[in-house]
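For reference, start_14.cif is printed below; it contains mmCIF, C-alpha atoms; chains and numbers go by the auth columns.
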data_structure
#
loop_
_atom_site.group_PDB
_atom_site.id
_atom_site.type_symbol
_atom_site.label_atom_id
_atom_site.label_comp_id
_atom_site.label_asym_id
_atom_site.label_seq_id
_atom_site.Cartn_x
_atom_site.Cartn_y
_atom_site.Cartn_z
_atom_site.B_iso_or_equiv
_atom_site.auth_seq_id
_atom_site.auth_asym_id
ATOM 1 C CA SER A 1 -2.258 -58.608 -195.206 0.00 1 A
ATOM 2 C CA PRO A 2 -3.687 -61.745 -196.918 0.00 2 A
ATOM 3 C CA LEU A 3 -6.288 -59.716 -198.803 0.00 3 A
ATOM 4 C CA ALA A 4 -3.737 -57.262 -200.257 0.00 4 A
ATOM 5 C CA PRO A 5 -3.020 -57.637 -204.004 0.00 5 A
ATOM 6 C CA PRO A 6 0.281 -59.342 -204.866 0.00 6 A
ATOM 7 C CA THR A 7 3.260 -57.154 -205.619 0.00 7 A
ATOM 8 C CA PRO A 8 4.801 -57.194 -209.129 0.00 8 A
ATOM 9 C CA ARG A 9 7.742 -59.236 -207.872 0.00 9 A
ATOM 10 C CA ARG A 10 5.461 -61.790 -206.269 0.00 10 A
ATOM 11 C CA ALA A 11 3.300 -61.927 -209.387 0.00 11 A
ATOM 12 C CA ARG A 12 6.404 -62.547 -211.501 0.00 12 A
ATOM 13 C CA LYS A 13 7.462 -65.404 -209.232 0.00 13 A
ATOM 14 C CA MET A 14 3.985 -66.923 -209.430 0.00 14 A
ATOM 15 C CA TRP A 15 4.104 -66.720 -213.228 0.00 15 A
ATOM 16 C CA LEU A 16 7.528 -68.402 -213.313 0.00 16 A
ATOM 17 C CA PHE A 17 6.439 -71.307 -211.124 0.00 17 A
ATOM 18 C CA LYS A 18 3.061 -71.655 -212.774 0.00 18 A
ATOM 19 C CA LYS A 19 2.577 -74.731 -214.921 0.00 19 A
ATOM 20 C CA GLN A 20 3.010 -73.815 -218.569 0.00 20 A
ATOM 21 C CA LYS A 21 0.332 -74.973 -220.996 0.00 21 A
ATOM 22 C CA THR A 22 1.231 -77.178 -223.902 0.00 22 A
ATOM 23 C CA PRO A 23 0.531 -76.076 -227.503 0.00 23 A
ATOM 24 C CA GLN A 24 -2.304 -78.598 -227.709 0.00 24 A
ATOM 25 C CA GLU A 25 -3.942 -77.109 -224.622 0.00 25 A
ATOM 26 C CA LEU A 26 -3.561 -73.580 -225.978 0.00 26 A
ATOM 27 C CA LEU A 27 -5.107 -74.574 -229.301 0.00 27 A
ATOM 28 C CA ARG A 28 -7.993 -76.315 -227.552 0.00 28 A
ATOM 29 C CA GLU A 29 -8.634 -73.298 -225.318 0.00 29 A
ATOM 30 C CA ASN A 30 -8.585 -70.815 -228.201 0.00 30 A
ATOM 31 C CA LYS A 31 -10.791 -73.074 -230.309 0.00 31 A
ATOM 32 C CA ARG A 32 -13.319 -73.207 -227.489 0.00 32 A
ATOM 33 C CA MET A 33 -13.240 -69.407 -227.194 0.00 33 A
ATOM 34 C CA LEU A 34 -13.814 -68.964 -230.932 0.00 34 A
ATOM 35 C CA ASP A 35 -16.755 -71.366 -230.904 0.00 35 A
ATOM 36 C CA ARG A 36 -18.270 -69.451 -227.994 0.00 36 A
ATOM 37 C CA SER A 37 -17.887 -66.157 -229.895 0.00 37 A
ATOM 38 C CA ILE A 38 -19.530 -67.643 -233.010 0.00 38 A
ATOM 39 C CA ARG A 39 -22.502 -68.796 -230.941 0.00 39 A
ATOM 40 C CA GLU A 40 -22.875 -65.331 -229.370 0.00 40 A
ATOM 41 C CA ILE A 41 -22.800 -63.710 -232.826 0.00 41 A
ATOM 42 C CA ASP A 42 -25.506 -66.106 -234.016 0.00 42 A
ATOM 43 C CA ARG A 43 -27.677 -65.196 -231.055 0.00 43 A
ATOM 44 C CA GLU A 44 -27.229 -61.458 -231.676 0.00 44 A
ATOM 45 C CA ARG A 45 -27.962 -61.883 -235.375 0.00 45 A
ATOM 46 C CA SER A 46 -31.132 -63.856 -234.628 0.00 46 A
ATOM 47 C CA ALA A 47 -32.275 -61.123 -232.230 0.00 47 A
ATOM 48 C CA MET A 48 -31.662 -58.426 -234.839 0.00 48 A
ATOM 49 C CA MET A 49 -33.571 -60.406 -237.474 0.00 49 A
ATOM 50 C CA SER A 50 -36.532 -60.578 -235.080 0.00 50 A
ATOM 51 C CA GLN A 51 -36.215 -56.836 -234.494 0.00 51 A
ATOM 52 C CA GLU A 52 -36.159 -56.292 -238.263 0.00 52 A
ATOM 53 C CA LYS A 53 -39.448 -58.134 -238.680 0.00 53 A
ATOM 54 C CA LYS A 54 -41.000 -56.093 -235.879 0.00 54 A
ATOM 55 C CA LEU A 55 -39.791 -52.809 -237.441 0.00 55 A
ATOM 56 C CA ILE A 56 -41.253 -53.754 -240.808 0.00 56 A
ATOM 57 C CA ALA A 57 -44.610 -54.493 -239.217 0.00 57 A
ATOM 58 C CA GLU A 58 -44.484 -51.228 -237.216 0.00 58 A
ATOM 59 C CA ILE A 59 -43.562 -49.195 -240.316 0.00 59 A
ATOM 60 C CA LYS A 60 -46.554 -50.627 -242.165 0.00 60 A
ATOM 61 C CA ARG A 61 -48.840 -49.815 -239.246 0.00 61 A
ATOM 62 C CA VAL A 62 -47.541 -46.224 -238.902 0.00 62 A
ATOM 63 C CA ALA A 63 -47.667 -45.698 -242.659 0.00 63 A
ATOM 64 C CA LYS A 64 -51.335 -46.642 -242.667 0.00 64 A
ATOM 65 C CA ALA A 65 -51.861 -43.981 -239.977 0.00 65 A
ATOM 66 C CA ASN A 66 -50.164 -41.452 -242.326 0.00 66 A
ATOM 67 C CA GLN A 67 -47.392 -40.615 -239.829 0.00 67 A
ATOM 68 C CA MET A 68 -44.579 -40.073 -242.330 0.00 68 A
ATOM 69 C CA GLY A 69 -42.081 -38.586 -239.829 0.00 69 A
ATOM 70 C CA ALA A 70 -42.194 -41.695 -237.685 0.00 70 A
ATOM 71 C CA VAL A 71 -41.983 -43.828 -240.808 0.00 71 A
ATOM 72 C CA LYS A 72 -38.700 -42.117 -241.857 0.00 72 A
ATOM 73 C CA VAL A 73 -37.169 -42.551 -238.394 0.00 73 A
ATOM 74 C CA MET A 74 -38.081 -46.239 -238.236 0.00 74 A
ATOM 75 C CA ALA A 75 -36.852 -46.715 -241.830 0.00 75 A
ATOM 76 C CA LYS A 76 -33.408 -45.397 -240.788 0.00 76 A
ATOM 77 C CA ASP A 77 -33.465 -47.788 -237.826 0.00 77 A
ATOM 78 C CA LEU A 78 -34.369 -50.660 -240.187 0.00 78 A
ATOM 79 C CA VAL A 79 -31.466 -49.794 -242.481 0.00 79 A
ATOM 80 C CA ARG A 80 -29.031 -49.744 -239.550 0.00 80 A
ATOM 81 C CA THR A 81 -30.392 -53.097 -238.333 0.00 81 A
ATOM 82 C CA ARG A 82 -29.904 -54.685 -241.748 0.00 82 A
ATOM 83 C CA HIS A 83 -26.356 -53.316 -241.936 0.00 83 A
ATOM 84 C CA SER A 84 -25.661 -54.786 -238.501 0.00 84 A
ATOM 85 C CA ILE A 85 -26.996 -58.177 -239.630 0.00 85 A
ATOM 86 C CA THR A 86 -24.677 -58.058 -242.634 0.00 86 A
ATOM 87 C CA LYS A 87 -21.724 -57.198 -240.362 0.00 87 A
ATOM 88 C CA PHE A 88 -22.590 -60.095 -238.085 0.00 88 A
ATOM 89 C CA TYR A 89 -22.506 -62.420 -241.107 0.00 89 A
ATOM 90 C CA ALA A 90 -19.050 -61.061 -242.008 0.00 90 A
ATOM 91 C CA LEU A 91 -17.792 -61.445 -238.425 0.00 91 A
ATOM 92 C CA LYS A 92 -19.016 -65.022 -238.247 0.00 92 A
ATOM 93 C CA SER A 93 -17.288 -65.837 -241.522 0.00 93 A
ATOM 94 C CA GLN A 94 -14.007 -64.365 -240.274 0.00 94 A
ATOM 95 C CA LEU A 95 -14.181 -66.216 -236.976 0.00 95 A
ATOM 96 C CA GLN A 96 -14.909 -69.474 -238.786 0.00 96 A
ATOM 97 C CA GLY A 97 -11.898 -68.844 -241.005 0.00 97 A
ATOM 98 C CA VAL A 98 -9.677 -68.364 -237.935 0.00 98 A
ATOM 99 C CA SER A 99 -11.141 -71.515 -236.386 0.00 99 A
ATOM 100 C CA LEU A 100 -10.358 -73.488 -239.532 0.00 100 A
ATOM 101 C CA ARG A 101 -6.798 -72.159 -239.491 0.00 101 A
ATOM 102 C CA MET A 102 -6.398 -73.296 -235.913 0.00 102 A
ATOM 103 C CA GLN A 103 -7.839 -76.704 -236.745 0.00 103 A
ATOM 104 C CA THR A 104 -5.377 -77.006 -239.645 0.00 104 A
ATOM 105 C CA LEU A 105 -2.539 -76.027 -237.326 0.00 105 A
ATOM 106 C CA LYS A 106 -3.669 -78.641 -234.824 0.00 106 A
ATOM 107 C CA SER A 107 -3.749 -81.322 -237.525 0.00 107 A
ATOM 108 C CA SER A 108 -0.287 -80.302 -238.724 0.00 108 A
ATOM 109 C CA GLN A 109 1.014 -80.493 -235.156 0.00 109 A
ATOM 110 C CA ALA A 110 -0.489 -83.972 -234.747 0.00 110 A
ATOM 111 C CA MET A 111 1.119 -85.106 -238.002 0.00 111 A
ATOM 112 C CA ALA A 112 4.481 -83.668 -236.900 0.00 112 A
ATOM 113 C CA ASP A 113 4.235 -85.509 -233.575 0.00 113 A
ATOM 114 C CA ALA A 114 3.378 -88.756 -235.352 0.00 114 A
ATOM 115 C CA MET A 115 6.288 -88.367 -237.776 0.00 115 A
ATOM 116 C CA ARG A 116 8.606 -87.603 -234.873 0.00 116 A
ATOM 117 C CA GLY A 117 7.533 -90.769 -233.103 0.00 117 A
ATOM 118 C CA VAL A 118 7.875 -92.898 -236.237 0.00 118 A
ATOM 119 C CA THR A 119 11.314 -91.437 -236.968 0.00 119 A
ATOM 120 C CA THR A 120 12.473 -92.214 -233.432 0.00 120 A
ATOM 121 C CA ALA A 121 11.211 -95.789 -233.700 0.00 121 A
ATOM 122 C CA MET A 122 12.859 -96.312 -237.101 0.00 122 A
ATOM 123 C CA LYS A 123 16.141 -94.885 -235.814 0.00 123 A
ATOM 124 C CA SER A 124 16.071 -97.225 -232.827 0.00 124 A
ATOM 125 C CA MET A 125 15.327 -100.245 -235.017 0.00 125 A
ATOM 126 C CA ASN A 126 18.064 -99.365 -237.507 0.00 126 A
ATOM 127 C CA THR A 127 20.523 -98.950 -234.653 0.00 127 A
ATOM 128 C CA LYS A 128 19.711 -102.388 -233.249 0.00 128 A
ATOM 129 C CA LEU A 129 19.752 -104.039 -236.681 0.00 129 A
ATOM 130 C CA ASN A 130 23.279 -105.219 -237.552 0.00 130 A
ATOM 131 C CA LEU A 131 23.552 -105.752 -241.306 0.00 131 A
ATOM 132 C CA PRO A 132 26.721 -107.959 -241.305 0.00 132 A
ATOM 133 C CA SER A 133 25.191 -110.146 -238.600 0.00 133 A
ATOM 134 C CA LEU A 134 21.980 -110.441 -240.618 0.00 134 A
ATOM 135 C CA GLN A 135 23.955 -111.493 -243.705 0.00 135 A
ATOM 136 C CA ASN A 136 25.784 -114.156 -241.687 0.00 136 A
ATOM 137 C CA ILE A 137 22.454 -115.439 -240.359 0.00 137 A
ATOM 138 C CA LEU A 138 21.063 -115.715 -243.884 0.00 138 A
ATOM 139 C CA LYS A 139 24.169 -117.555 -245.126 0.00 139 A
ATOM 140 C CA GLU A 140 24.018 -119.967 -242.208 0.00 140 A
ATOM 141 C CA PHE A 141 20.320 -120.565 -242.864 0.00 141 A
ATOM 142 C CA GLU A 142 21.016 -121.373 -246.520 0.00 142 A
ATOM 143 C CA ARG A 143 23.830 -123.746 -245.535 0.00 143 A
ATOM 144 C CA GLN A 144 21.716 -125.585 -242.982 0.00 144 A
ATOM 145 C CA ASN A 145 18.808 -125.797 -245.426 0.00 145 A
ATOM 146 C CA GLU A 146 20.987 -127.445 -248.074 0.00 146 A
ATOM 147 C CA LYS A 147 22.382 -129.843 -245.452 0.00 147 A
ATOM 148 C CA MET A 148 18.878 -130.809 -244.363 0.00 148 A
ATOM 149 C CA GLU A 149 17.821 -131.493 -247.968 0.00 149 A
ATOM 150 C CA MET A 150 20.872 -133.704 -248.545 0.00 150 A
ATOM 151 C CA THR A 151 20.244 -135.592 -245.292 0.00 151 A
ATOM 152 C CA THR A 152 16.599 -136.152 -246.218 0.00 152 A
ATOM 153 C CA GLU A 153 17.547 -137.451 -249.658 0.00 153 A
ATOM 154 C CA VAL A 154 20.173 -139.843 -248.258 0.00 154 A
ATOM 155 C CA MET A 155 17.754 -141.162 -245.633 0.00 155 A
ATOM 156 C CA GLY A 156 15.078 -141.730 -248.286 0.00 156 A
ATOM 157 C CA ASP A 157 17.472 -143.672 -250.497 0.00 157 A
ATOM 158 C CA ALA A 158 18.660 -145.759 -247.543 0.00 158 A
ATOM 159 C CA ILE A 159 15.118 -146.595 -246.502 0.00 159 A
ATOM 160 C CA ASP A 160 14.224 -147.616 -250.061 0.00 160 A
ATOM 161 C CA ASP A 161 17.307 -149.850 -250.271 0.00 161 A
ATOM 162 C CA ALA A 162 16.553 -151.428 -246.899 0.00 162 A
ATOM 163 C CA PHE A 163 12.966 -152.353 -247.695 0.00 163 A
ATOM 164 C CA GLU A 164 13.555 -153.398 -251.289 0.00 164 A
ATOM 165 C CA GLY A 165 14.985 -156.899 -252.039 0.00 165 A
ATOM 166 C CA GLU A 166 15.802 -158.974 -255.110 0.00 166 A
ATOM 167 C CA ASP A 167 12.845 -161.281 -254.528 0.00 167 A
ATOM 168 C CA GLU A 168 10.476 -158.324 -254.477 0.00 168 A
ATOM 169 C CA GLU A 169 11.951 -157.063 -257.753 0.00 169 A
ATOM 170 C CA GLU A 170 11.441 -160.468 -259.429 0.00 170 A
ATOM 171 C CA GLU A 171 7.914 -160.792 -258.048 0.00 171 A
ATOM 172 C CA THR A 172 7.141 -157.296 -259.300 0.00 172 A
ATOM 173 C CA ASP A 173 8.333 -158.173 -262.812 0.00 173 A
ATOM 174 C CA GLU A 174 6.303 -161.396 -262.810 0.00 174 A
ATOM 175 C CA LEU A 175 3.201 -159.551 -261.658 0.00 175 A
ATOM 176 C CA VAL A 176 3.623 -156.932 -264.381 0.00 176 A
ATOM 177 C CA ASN A 177 4.089 -159.647 -267.024 0.00 177 A
ATOM 178 C CA ALA A 178 1.002 -161.500 -265.795 0.00 178 A
ATOM 179 C CA VAL A 179 -1.072 -158.345 -266.005 0.00 179 A
ATOM 180 C CA LEU A 180 0.212 -157.619 -269.500 0.00 180 A
ATOM 181 C CA ASP A 181 -0.515 -161.208 -270.596 0.00 181 A
ATOM 182 C CA GLU A 182 -4.062 -160.949 -269.271 0.00 182 A
ATOM 183 C CA LEU A 183 -4.502 -157.598 -270.950 0.00 183 A
ATOM 184 C CA GLY A 184 -3.177 -159.048 -274.216 0.00 184 A
ATOM 185 C CA CYS A 185 -5.655 -161.914 -274.041 0.00 185 A
ATOM 186 C CA ASN A 186 -8.534 -159.542 -273.472 0.00 186 A
ATOM 187 C CA VAL A 187 -7.484 -157.389 -276.394 0.00 187 A
ATOM 188 C CA GLY A 188 -7.166 -160.466 -278.592 0.00 188 A
ATOM 189 C CA ALA A 189 -10.637 -161.611 -277.589 0.00 189 A
ATOM 190 C CA GLU A 190 -12.081 -158.198 -278.407 0.00 190 A
ATOM 191 C CA LEU A 191 -10.367 -158.220 -281.805 0.00 191 A
ATOM 192 C CA ILE A 192 -11.700 -161.732 -282.529 0.00 192 A
ATOM 193 C CA SER A 193 -15.277 -160.780 -281.659 0.00 193 A
ATOM 194 C CA ALA A 194 -15.119 -157.624 -283.844 0.00 194 A
ATOM 195 C CA PRO A 195 -16.963 -157.754 -287.197 0.00 195 A
ATOM 196 C CA ALA A 196 -14.911 -158.319 -290.355 0.00 196 A
ATOM 197 C CA GLY A 197 -16.168 -155.119 -292.051 0.00 197 A
ATOM 198 C CA LYS A 198 -15.118 -154.768 -295.644 0.00 198 A
ATOM 199 C CA VAL A 199 -12.656 -157.632 -295.500 0.00 199 A
ATOM 200 C CA GLY A 200 -14.351 -160.653 -297.070 0.00 200 A
ATOM 201 C CA VAL A 201 -12.764 -163.360 -294.881 0.00 201 A
ATOM 202 C CA ALA A 202 -14.446 -166.414 -293.399 0.00 202 A
ATOM 203 C CA VAL A 203 -15.233 -166.331 -289.683 0.00 203 A
ATOM 204 C CA ASP A 204 -13.551 -169.657 -288.987 0.00 204 A
ATOM 205 C CA ALA A 205 -10.292 -168.543 -290.585 0.00 205 A
ATOM 206 C CA GLU A 206 -10.240 -165.377 -288.411 0.00 206 A
ATOM 207 C CA ARG A 207 -10.685 -167.301 -285.142 0.00 207 A
ATOM 208 C CA VAL A 208 -8.071 -169.987 -285.736 0.00 208 A
ATOM 209 C CA ALA A 209 -5.024 -167.715 -286.040 0.00 209 A
ATOM 210 C CA PRO A 210 -5.539 -165.545 -282.934 0.00 210 A
ATOM 211 C CA THR A 211 -6.219 -168.619 -280.787 0.00 211 A
ATOM 212 C CA ALA A 212 -2.987 -170.178 -281.875 0.00 212 A
ATOM 213 C CA VAL A 213 -1.058 -167.023 -281.153 0.00 213 A
ATOM 214 C CA LEU A 214 -2.537 -166.633 -277.652 0.00 214 A
ATOM 215 C CA GLU A 215 -1.645 -170.248 -276.825 0.00 215 A
ATOM 216 C CA GLY A 216 1.967 -169.631 -277.846 0.00 216 A
ATOM 217 C CA GLY A 217 1.732 -171.729 -280.992 0.00 217 A
ATOM 218 C CA SER A 218 3.200 -170.915 -284.371 0.00 218 A
ATOM 219 C CA ALA A 219 0.160 -171.169 -286.504 0.00 219 A
ATOM 220 C CA GLU A 220 0.449 -170.398 -290.207 0.00 220 A
ATOM 221 C CA PRO A 221 -1.656 -167.494 -291.404 0.00 221 A
ATOM 222 C CA ALA A 222 -4.827 -168.565 -293.139 0.00 222 A
ATOM 223 C CA THR A 223 -5.478 -167.807 -296.735 0.00 223 A
ATOM 224 C CA GLY A 224 -6.960 -164.370 -297.163 0.00 224 A
ATOM 225 C CA GLY A 225 -6.581 -163.497 -293.404 0.00 225 A
ATOM 226 C CA GLY A 226 -2.824 -162.812 -293.248 0.00 226 A
ATOM 227 C CA GLY A 227 -3.208 -159.060 -292.765 0.00 227 A
ATOM 228 C CA LEU A 228 -5.436 -159.416 -289.693 0.00 228 A
ATOM 229 C CA ASP A 229 -3.154 -162.049 -288.088 0.00 229 A
ATOM 230 C CA ASP A 230 -0.038 -159.939 -288.578 0.00 230 A
ATOM 231 C CA ASP A 231 -1.727 -156.904 -286.986 0.00 231 A
ATOM 232 C CA LEU A 232 -2.890 -158.940 -283.971 0.00 232 A
ATOM 233 C CA GLN A 233 0.547 -160.506 -283.503 0.00 233 A
ATOM 234 C CA ALA A 234 2.200 -157.060 -283.583 0.00 234 A
ATOM 235 C CA ARG A 235 -0.143 -155.708 -280.885 0.00 235 A
ATOM 236 C CA LEU A 236 0.464 -158.721 -278.623 0.00 236 A
ATOM 237 C CA ASP A 237 4.235 -158.364 -279.011 0.00 237 A
ATOM 238 C CA ALA A 238 3.980 -154.685 -278.090 0.00 238 A
ATOM 239 C CA LEU A 239 2.010 -155.484 -274.933 0.00 239 A
ATOM 240 C CA ARG A 240 4.550 -158.132 -273.831 0.00 240 A
ATOM 241 C CA LYS A 241 7.470 -155.711 -274.026 0.00 241 A
#
Translate this file's structure into structure tokens.
Amino acid sequence: SPLAPPTPRRARKMWLFKKQKTPQELLRENKRMLDRSIREIDRERSAMMSQEKKLIAEIKRVAKANQMGAVKVMAKDLVRTRHSITKFYALKSQLQGVSLRMQTLKSSQAMADAMRGVTTAMKSMNTKLNLPSLQNILKEFERQNEKMEMTTEVMGDAIDDAFEGEDEEEETDELVNAVLDELGCNVGAELISAPAGKVGVAVDAERVAPTAVLEGGSAEPATGGGGLDDDLQARLDALRK
């Protein structure tokens, strides 16, 4: 009949075709059971602590009534209650230790699964990575890079040669000489306007020689001012070079 209990053979077949739980599911189920047991122990311990307080109050009340027999009986009950509370503390500690062990096992299993996945990925990547082919790619890259640098250098030189002419070179030299000549004149003017200092030379003698030099003349150094003229002439020659 449908309500009859299954036979052992039928029960064995049901167990074989039943979906097996994974280790993670078993750990989660047992962890939930341990947490439920710890909560029940806490409730029982709280109830016994309330009973302990009530017994203490009752013992005090009976002792005031001078009923020593009842006091001894309730004192034994109080001792047993306190021993039970201590046992509940020990049981809770043991269950928490088992729960921590299971949590550690779960963490170790997670780490093993992660390492297995990483190892599989690394193995797949190393299988696909061909070292000789990679070396050839790197060599070809170095060769093409050197070729590109040489091409860029040749193109730069060709562009410079195409845009640069002889007339531009001569005009550049003339412009540089003109700038140097102007700079030399300015320096000469600054030297002429500078005070004589310790040298006791006349002002007119100092101005004649530099003016002649700037105009391209070959003026003779004045008496007593030869040192200043020679220094000025040397600086102008250096600027013209």
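Here the PyMOL selection byres ((chain A and resi 48) around 12) matches the residues Ile41, Asp42, Arg43, Glu44, Arg45, Ser46, Ala47, Met49, Ser50, Gln51, Glu52, Lys53, Lys54, Leu55, Asp77, Leu78, Val79, Arg80, Thr81, Arg82, His83, Ser84, Ile85, Thr86, Lys87, Phe88 and Tyr89 of chain A.
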Within 10 Å of Arg28 (chain A) using all atoms listed in the file, minus same-chain residues under 5 positions, as a PyMOL selection string: chain A and resi 22-23+33-34+102-103+106
Atomic distance CA of Asp173 (chain A) - CA of Asp237 (chain A), expressed in Å with one decimal: 16.7 Å
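The interatomic distance for the pair CA of Lys21 (chain A) and CA of Ala110 (chain A) works out to 16.5 Å.
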Separation of CA of Leu91 (chain A) from CA of Asn30 (chain A), in Å and rounded to one decimal: 16.6 Å
Nearest to Arg32 (chain A) by atom-to-atom distance, counting only C-alpha atoms, from A:Asn145, A:Lys123, A:Leu95, A:Ile56: A:Leu95
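Closest to Glu40 (chain A) among A:Thr104, A:Leu175, A:Lys92, A:Glu142 is A:Lys92, based on all atoms listed in the file.
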Mind rebuilding region 121-139 of chain A with N, CA, C and O atoms and writing that out as a PDB file, in the frame of the given file?
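Now in selection11.pdb:
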ATOM      1  N   ALA A 121      11.307 -94.326-233.697  1.00  0.00           N
ATOM      2  CA  ALA A 121      11.211 -95.789-233.700  1.00  0.00           C
ATOM      3  C   ALA A 121      12.074 -96.400-234.810  1.00  0.00           C
ATOM      4  O   ALA A 121      12.776 -97.396-234.586  1.00  0.00           O
ATOM      5  N   MET A 122      12.038 -95.803-235.992  1.00  0.00           N
ATOM      6  CA  MET A 122      12.859 -96.312-237.101  1.00  0.00           C
ATOM      7  C   MET A 122      14.353 -96.186-236.783  1.00  0.00           C
ATOM      8  O   MET A 122      15.149 -97.086-237.090  1.00  0.00           O
ATOM      9  N   LYS A 123      14.732 -95.065-236.174  1.00  0.00           N
ATOM     10  CA  LYS A 123      16.141 -94.885-235.814  1.00  0.00           C
ATOM     11  C   LYS A 123      16.585 -95.928-234.803  1.00  0.00           C
ATOM     12  O   LYS A 123      17.677 -96.506-234.919  1.00  0.00           O
ATOM     13  N   SER A 124      15.734 -96.206-233.827  1.00  0.00           N
ATOM     14  CA  SER A 124      16.071 -97.225-232.827  1.00  0.00           C
ATOM     15  C   SER A 124      16.193 -98.610-233.456  1.00  0.00           C
ATOM     16  O   SER A 124      17.122 -99.376-233.147  1.00  0.00           O
ATOM     17  N   MET A 125      15.271 -98.934-234.365  1.00  0.00           N
ATOM     18  CA  MET A 125      15.327-100.245-235.017  1.00  0.00           C
ATOM     19  C   MET A 125      16.558-100.365-235.903  1.00  0.00           C
ATOM     20  O   MET A 125      17.211-101.418-235.929  1.00  0.00           O
ATOM     21  N   ASN A 126      16.878 -99.309-236.647  1.00  0.00           N
ATOM     22  CA  ASN A 126      18.064 -99.365-237.507  1.00  0.00           C
ATOM     23  C   ASN A 126      19.344 -99.459-236.689  1.00  0.00           C
ATOM     24  O   ASN A 126      20.331-100.073-237.132  1.00  0.00           O
ATOM     25  N   THR A 127      19.338 -98.857-235.505  1.00  0.00           N
ATOM     26  CA  THR A 127      20.523 -98.950-234.653  1.00  0.00           C
ATOM     27  C   THR A 127      20.720-100.381-234.135  1.00  0.00           C
ATOM     28  O   THR A 127      21.843-100.884-234.066  1.00  0.00           O
ATOM     29  N   LYS A 128      19.624-101.017-233.765  1.00  0.00           N
ATOM     30  CA  LYS A 128      19.711-102.388-233.249  1.00  0.00           C
ATOM     31  C   LYS A 128      19.952-103.416-234.345  1.00  0.00           C
ATOM     32  O   LYS A 128      20.437-104.515-234.067  1.00  0.00           O
ATOM     33  N   LEU A 129      19.603-103.081-235.584  1.00  0.00           N
ATOM     34  CA  LEU A 129      19.752-104.039-236.681  1.00  0.00           C
ATOM     35  C   LEU A 129      21.176-103.994-237.210  1.00  0.00           C
ATOM     36  O   LEU A 129      21.633-102.968-237.733  1.00  0.00           O
ATOM     37  N   ASN A 130      21.901-105.106-237.087  1.00  0.00           N
ATOM     38  CA  ASN A 130      23.279-105.219-237.552  1.00  0.00           C
ATOM     39  C   ASN A 130      23.279-105.925-238.905  1.00  0.00           C
ATOM     40  O   ASN A 130      22.950-107.114-239.002  1.00  0.00           O
ATOM     41  N   LEU A 131      23.614-105.190-239.962  1.00  0.00           N
ATOM     42  CA  LEU A 131      23.552-105.752-241.306  1.00  0.00           C
ATOM     43  C   LEU A 131      24.533-106.905-241.529  1.00  0.00           C
ATOM     44  O   LEU A 131      24.146-107.942-242.077  1.00  0.00           O
ATOM     45  N   PRO A 132      25.817-106.794-241.132  1.00  0.00           N
ATOM     46  CA  PRO A 132      26.721-107.959-241.305  1.00  0.00           C
ATOM     47  C   PRO A 132      26.228-109.200-240.563  1.00  0.00           C
ATOM     48  O   PRO A 132      26.302-110.317-241.069  1.00  0.00           O
ATOM     49  N   SER A 133      25.707-108.997-239.353  1.00  0.00           N
ATOM     50  CA  SER A 133      25.191-110.146-238.600  1.00  0.00           C
ATOM     51  C   SER A 133      23.994-110.765-239.317  1.00  0.00           C
ATOM     52  O   SER A 133      23.852-111.996-239.360  1.00  0.00           O
ATOM     53  N   LEU A 134      23.123-109.918-239.886  1.00  0.00           N
ATOM     54  CA  LEU A 134      21.980-110.441-240.618  1.00  0.00           C
ATOM     55  C   LEU A 134      22.424-111.232-241.852  1.00  0.00           C
ATOM     56  O   LEU A 134      21.852-112.285-242.165  1.00  0.00           O
ATOM     57  N   GLN A 135      23.443-110.756-242.550  1.00  0.00           N
ATOM     58  CA  GLN A 135      23.955-111.493-243.705  1.00  0.00           C
ATOM     59  C   GLN A 135      24.526-112.843-243.287  1.00  0.00           C
ATOM     60  O   GLN A 135      24.323-113.858-243.972  1.00  0.00           O
ATOM     61  N   ASN A 136      25.250-112.880-242.172  1.00  0.00           N
ATOM     62  CA  ASN A 136      25.784-114.156-241.687  1.00  0.00           C
ATOM     63  C   ASN A 136      24.656-115.122-241.315  1.00  0.00           C
ATOM     64  O   ASN A 136      24.743-116.330-241.569  1.00  0.00           O
ATOM     65  N   ILE A 137      23.599-114.584-240.722  1.00  0.00           N
ATOM     66  CA  ILE A 137      22.454-115.439-240.359  1.00  0.00           C
ATOM     67  C   ILE A 137      21.822-116.038-241.610  1.00  0.00           C
ATOM     68  O   ILE A 137      21.473-117.230-241.655  1.00  0.00           O
ATOM     69  N   LEU A 138      21.658-115.215-242.646  1.00  0.00           N
ATOM     70  CA  LEU A 138      21.063-115.715-243.884  1.00  0.00           C
ATOM     71  C   LEU A 138      21.946-116.770-244.549  1.00  0.00           C
ATOM     72  O   LEU A 138      21.451-117.783-245.062  1.00  0.00           O
ATOM     73  N   LYS A 139      23.261-116.559-244.546  1.00  0.00           N
ATOM     74  CA  LYS A 139      24.169-117.555-245.126  1.00  0.00           C
ATOM     75  C   LYS A 139      24.104-118.871-244.357  1.00  0.00           C
ATOM     76  O   LYS A 139      24.079-119.948-244.942  1.00  0.00           O
TER      77      LYS A 139
END
